[in-house]
Structure formats: structure tokens, C-alpha cells
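The structure appears below as C-alpha cells.
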Amino acid sequence: MRVALFDCEHEKELEKEINDFLNKNIRIIDIKYQISHFFAINEQIYSYSAMIIYENNEIKV
């Protein structure tokens with residue numbers, strides 16, 4: 001079992017990164033998704049993150 005972590009400032013960027021990752025030869029066990037935001041110098045900043053728990057489908061010898 002393995003874990004892949006993703007963190008982006010824009011939801012579309014996170015979507016692209018996850019879709020690219022899902023094109024690999026893996027078996028998805030679970031996906032956790034989270035949005036957080038905070039203020040920095042009068043600017044609201046968002047963080048879109050995901051954790052994918054997966055197994056590699058390559059044959060182990």
C-alpha cells in the first residue's frame with residue numbers, strides 16, 4: 001500500500017494533477033479531499049489538497 005499527496009492553490013490544478021496520476025497502472029483504495037483557507041496580508045489564500053491511498057499493480061518478482 002502506498003500514499004500520494006497533492007496540494008494546489010487552484011481546484012482545476014489539483015484536478016489535473018490527480019487525473020494525471022490516475023492514468024498510471026494503480027488500484028485506488030481511497031481518496032481523501034480537503035479545502036482550507038487562511039488570510040495573509042489582507043489576501044484570502046486557498047489550499048486544495050488530496051491524499052490517494054493506492055496499490056501498485058505492477059507484478060512483483
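Chain lettering (A, B, ...) mirrors the order of the C-alpha cells, residue numbering begins at 1 for each chain separately, and ligand numbering begins at 1 in order of display.
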
Spatial neighbours of Leu22 in chain A, max dist 12 Å, only C-alpha atoms, sep filter under 2 positions, as a VMD selection string: chain A and resid 4 15 to 20 24 to 29 31 52 to 56

Selection: 9 Å around Ile35 in chain A, only C-alpha atoms, excl. self and same-chain fewer than 5 positions, as a ChimeraX atom specification: /A:46-50

Mind dumping the selected residues with N, CA and C atoms as a PDB file, in the first residue's frame?
```
ATOM      1  N   TYR A  46      -6.366  30.005  -0.614  1.00  0.00           N
ATOM      2  CA  TYR A  46      -6.981  28.685  -0.542  1.00  0.00           C
ATOM      3  C   TYR A  46      -5.940  27.606  -0.793  1.00  0.00           C
ATOM      4  N   SER A  47      -6.175  26.459  -0.181  1.00  0.00           N
ATOM      5  CA  SER A  47      -5.333  25.288  -0.400  1.00  0.00           C
ATOM      6  C   SER A  47      -6.253  24.100  -0.655  1.00  0.00           C
ATOM      7  N   TYR A  48      -6.110  23.490  -1.819  1.00  0.00           N
ATOM      8  CA  TYR A  48      -6.890  22.312  -2.190  1.00  0.00           C
ATOM      9  C   TYR A  48      -5.939  21.125  -2.127  1.00  0.00           C
ATOM     10  N   SER A  49      -6.275  20.140  -1.302  1.00  0.00           N
ATOM     11  CA  SER A  49      -5.357  19.020  -1.155  1.00  0.00           C
ATOM     12  C   SER A  49      -6.104  17.689  -1.206  1.00  0.00           C
ATOM     13  N   ALA A  50      -5.344  16.658  -1.564  1.00  0.00           N
ATOM     14  CA  ALA A  50      -5.899  15.314  -1.624  1.00  0.00           C
ATOM     15  C   ALA A  50      -4.819  14.309  -1.256  1.00  0.00           C
TER      16      ALA A  50
END
```

Between CA of Lys32 in chain A and CA of Glu9 in chain A - distance in Å to one decimal: 16.8 Å

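Residues of chain A assigned to alpha helix (DSSP H) by DSSP on this structure's backbone: Glu11, Lys12, Glu13, Leu14, Glu15, Lys16, Glu17, Ile18, Asn19, Asp20, Phe21 and Leu22 of chain A.
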
For the residues in the current selection, export C-alpha atoms as a PDB file, in the first residue's frame.
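Here's the written file selection_36.pdb:
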```
ATOM      1  CA  GLU A  11      -9.033  23.404  -7.749  1.00  0.00           C
ATOM      2  CA  LYS A  12      -8.509  22.943 -11.508  1.00  0.00           C
ATOM      3  CA  GLU A  13      -4.771  22.439 -10.958  1.00  0.00           C
ATOM      4  CA  LEU A  14      -5.492  19.773  -8.330  1.00  0.00           C
ATOM      5  CA  GLU A  15      -7.969  18.099 -10.673  1.00  0.00           C
ATOM      6  CA  LYS A  16      -5.360  17.914 -13.448  1.00  0.00           C
ATOM      7  CA  GLU A  17      -2.653  16.526 -11.144  1.00  0.00           C
ATOM      8  CA  ILE A  18      -4.982  13.834  -9.801  1.00  0.00           C
ATOM      9  CA  ASN A  19      -6.233  12.865 -13.263  1.00  0.00           C
ATOM     10  CA  ASP A  20      -2.640  12.560 -14.500  1.00  0.00           C
ATOM     11  CA  PHE A  21      -1.816  10.347 -11.513  1.00  0.00           C
ATOM     12  CA  LEU A  22      -4.877   8.148 -12.058  1.00  0.00           C
TER      13      LEU A  22
END
```

Test item, strand (DSSP E) assignment across chain A, answer as an NGL selection string: :A and (2-8 or 26-40 or 43-56)

Among the residues A:His10, A:Asn23, A:Asp30, A:Leu5, the one that comes closest to Met51 in chain A [using only C-alpha atoms]: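 Of all the options, A:Leu5 lies closest to Met51 in chain A.
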